[in-house]
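Engineer: Quick one: structure below, then a few questions.
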Amino acid sequence: GQSLEQPSEVTAVEGAIVQINCTYQTSGFYGLSWYQQHDGGAPTFLSYNGLDGLEETGRFSSFLSRSDSYGYLLLQELQMKDSASYFCAVSPGAGNMLTFGGGTRLMVKP
Amino acid sequence: DVKVTQSSRYLVKRTGEKVFLECVQDMDHENMFWYRQDPGLGLRLIYFSYDVKMKEKGDIPEGYSVSREKKERFSLILESASTNQTSMYLCASSRSTANTEAFFGQGTRLTVV
């Protein structure tokens, strides 16, 4: 089976940097993804890491260490609109079945 | 614009009823998923389909079945609805390549009374 651990809540102020960690235990591993979900909305894709290292997309970056079964999402220059839940997800195999973590609720304060 | 459409936004059913949740995608995606989302539990995978008539059980398949007769449509069936199946149900689809993103529908809030 698969299990993913991430903090349940994080609070930060506007303009700050926040890191959301994700550790996973899976029977197989193909890649780690991150999704954002605003209240009442559908999850939307943010990033994917298939190899070790950092992937940068604008204010958001995602990191993966396969040897440590660990990844993180880094959000810079936080804005109020970044208040949302963030989910890490693993693809245990090439067929792209996606298993999600419990989600981290990020609250950005003025 | 890519689209995953779920047939109902809100649904209220009685205990013991057979319930069908329908999902249609217009992106010719091979993969389709059904998740349920409950507070504090994240998105839990119920069933996954990687091709027409092909399916795999996810983490919580008990009490559910699925049907995929056409590539674009993936149905979730609650054979006999129970109150512990009250939840938000999310459908998603994706291509069957390694780094593809999954696209989600807006969800169906199901209440079983």
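Chain labels follow the order of the structure tokens: the first chain is A, the next B, and so on; residue numbering restarts at 1 in every chain, and ligands are counted from 1 in their shown order.
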Tell me the residues of chain A close to chain B, meaning within 7 Å using only C-alpha atoms, as a compact mmCIF listing (two decimals) with N, CA, C and O atoms, in the first residue's frame.
Structural biologist:
```txt
# COMPACT_ATOMS: atom_id res chain seq x y z
N GLY A 41 -13.48 24.37 -4.28
CA GLY A 41 -13.01 24.15 -5.64
C GLY A 41 -12.45 22.77 -5.86
O GLY A 41 -12.35 21.97 -4.92
N ALA A 42 -12.08 22.49 -7.09
CA ALA A 42 -11.46 21.21 -7.43
C ALA A 42 -9.95 21.31 -7.30
O ALA A 42 -9.37 22.40 -7.47
N PRO A 43 -9.27 20.23 -6.98
CA PRO A 43 -7.80 20.25 -6.96
C PRO A 43 -7.25 20.58 -8.34
O PRO A 43 -7.79 20.12 -9.36
N THR A 44 -6.18 21.38 -8.37
CA THR A 44 -5.52 21.70 -9.63
C THR A 44 -4.04 21.41 -9.51
O THR A 44 -3.43 21.61 -8.45
N PHE A 45 -3.46 20.96 -10.59
CA PHE A 45 -2.07 20.52 -10.64
C PHE A 45 -1.12 21.70 -10.49
O PHE A 45 -1.32 22.76 -11.09
N TYR A 48 5.29 18.47 -10.81
CA TYR A 48 5.63 17.04 -10.80
C TYR A 48 7.13 16.89 -10.71
O TYR A 48 7.87 17.59 -11.42
N ALA A 94 3.94 3.14 -13.44
CA ALA A 94 3.93 3.89 -14.70
C ALA A 94 2.53 4.16 -15.21
O ALA A 94 2.34 5.03 -16.03
N GLY A 95 1.56 3.41 -14.75
CA GLY A 95 0.20 3.63 -15.20
C GLY A 95 -0.45 4.87 -14.65
O GLY A 95 -1.55 5.22 -15.02
N ASN A 96 0.27 5.55 -13.77
CA ASN A 96 -0.16 6.85 -13.30
C ASN A 96 -1.35 6.83 -12.36
O ASN A 96 -2.10 7.79 -12.29
N MET A 97 -1.58 5.72 -11.65
CA MET A 97 -2.54 5.77 -10.56
C MET A 97 -2.01 6.74 -9.52
O MET A 97 -0.83 6.69 -9.18
N THR A 99 -2.10 8.45 -5.71
CA THR A 99 -2.52 8.35 -4.33
C THR A 99 -2.12 9.63 -3.62
O THR A 99 -0.97 10.06 -3.71
N PHE A 100 -3.07 10.22 -2.88
CA PHE A 100 -2.86 11.53 -2.27
C PHE A 100 -2.59 11.44 -0.78
O PHE A 100 -3.05 10.52 -0.11
N GLY A 101 -1.89 12.44 -0.27
CA GLY A 101 -1.73 12.63 1.16
C GLY A 101 -2.97 13.29 1.74
O GLY A 101 -3.91 13.63 1.03
N GLY A 102 -2.93 13.52 3.06
CA GLY A 102 -4.08 14.09 3.75
C GLY A 102 -4.28 15.58 3.53
O GLY A 102 -5.32 16.13 3.88
N GLY A 103 -3.27 16.24 2.95
CA GLY A 103 -3.41 17.66 2.65
C GLY A 103 -2.90 18.56 3.76
O GLY A 103 -2.95 18.20 4.94
```
Engineer: I want to know what sits within 7 Å of range 70-85 of chain A, based on only C-alpha atoms, with residues of the same chain fewer than 3 positions away left out; could you give that as a PyMOL selection string?
Structural biologist: chain A and resi 14-24+36-39+59-66+103-109
Engineer: Output C-alpha atoms for every residue in the selection just made, as an mmCIF file, in the first residue's frame.
Structural biologist:
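Heads up, here's the output in out-v7.cif:
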```
data_model
loop_
_atom_site.group_PDB
_atom_site.id
_atom_site.type_symbol
_atom_site.label_atom_id
_atom_site.label_comp_id
_atom_site.auth_asym_id
_atom_site.auth_seq_id
_atom_site.Cartn_x
_atom_site.Cartn_y
_atom_site.Cartn_z
ATOM 1 C CA GLU A 14 1.986 37.716 3.227
ATOM 2 C CA GLY A 15 5.323 38.046 1.450
ATOM 3 C CA ALA A 16 6.942 35.228 3.418
ATOM 4 C CA ILE A 17 8.286 31.876 2.237
ATOM 5 C CA VAL A 18 6.706 28.617 3.368
ATOM 6 C CA GLN A 19 7.755 25.000 2.885
ATOM 7 C CA ILE A 20 5.288 22.114 2.994
ATOM 8 C CA ASN A 21 6.933 18.731 3.509
ATOM 9 C CA CYS A 22 5.767 15.335 2.328
ATOM 10 C CA THR A 23 7.187 11.950 3.243
ATOM 11 C CA TYR A 24 5.947 8.813 1.588
ATOM 12 C CA GLN A 36 -3.709 23.012 -4.833
ATOM 13 C CA GLN A 37 -7.339 23.136 -3.760
ATOM 14 C CA HIS A 38 -9.208 26.281 -2.740
ATOM 15 C CA ASP A 39 -12.256 25.905 -0.525
ATOM 16 C CA ARG A 59 6.753 31.506 -7.194
ATOM 17 C CA PHE A 60 6.362 27.774 -6.549
ATOM 18 C CA SER A 61 9.138 25.182 -6.431
ATOM 19 C CA SER A 62 9.021 21.485 -5.665
ATOM 20 C CA PHE A 63 11.828 19.245 -4.493
ATOM 21 C CA LEU A 64 12.268 15.475 -4.447
ATOM 22 C CA SER A 65 14.763 13.159 -2.781
ATOM 23 C CA ARG A 66 13.999 9.588 -3.810
ATOM 24 C CA GLY A 103 -3.409 17.664 2.646
ATOM 25 C CA THR A 104 -1.915 20.747 4.304
ATOM 26 C CA ARG A 105 -4.141 23.723 4.921
ATOM 27 C CA LEU A 106 -2.136 26.915 4.363
ATOM 28 C CA MET A 107 -3.435 30.132 5.882
ATOM 29 C CA VAL A 108 -1.797 33.331 4.710
ATOM 30 C CA LYS A 109 -2.289 36.305 7.021
#
```
Engineer: If you run DSSP on this backbone, which residues of chain A come out as strand (DSSP E or B), and could you give them as number ranges by chain?
Structural biologist: A: 3-5, 9-13, 18-25, 31-37, 44-49, 53-57, 60-65, 70-75, 84-91, 99-100, 104-109
Engineer: Do you know which residues are at most 9 Å from range 12-24 of chain B counting only C-alpha atoms, after dropping those on the same chain fewer than 2 positions away, and could you put them as a PyMOL selection string?
Structural biologist: chain B and resi 3-8+10+26+71-83+89+91-92+105+108-113
Engineer: Under the rule that only C-alpha atoms are counted, which of A:Asn49, A:Tyr86, A:Leu32, A:Leu54 is the nearest residue to Val10 in chain A?
Structural biologist: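 Nearest to Val10 in chain A: A:Tyr86.
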Engineer: May I ask for the distance between CA of Asp52 in chain A and CA of Ser8 in chain A, given in Å to one decimal place?
Structural biologist: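 Computed distance, CA of Asp52 in chain A to CA of Ser8 in chain A, equals 24.7 Å.
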Engineer: Mind pulling up the distance from CA of Arg9 in chain B to CA of Ile60 in chain B?
Structural biologist: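 For CA of Ile60 in chain B relative to CA of Arg9 in chain B, the distance reads 22.0 Å.
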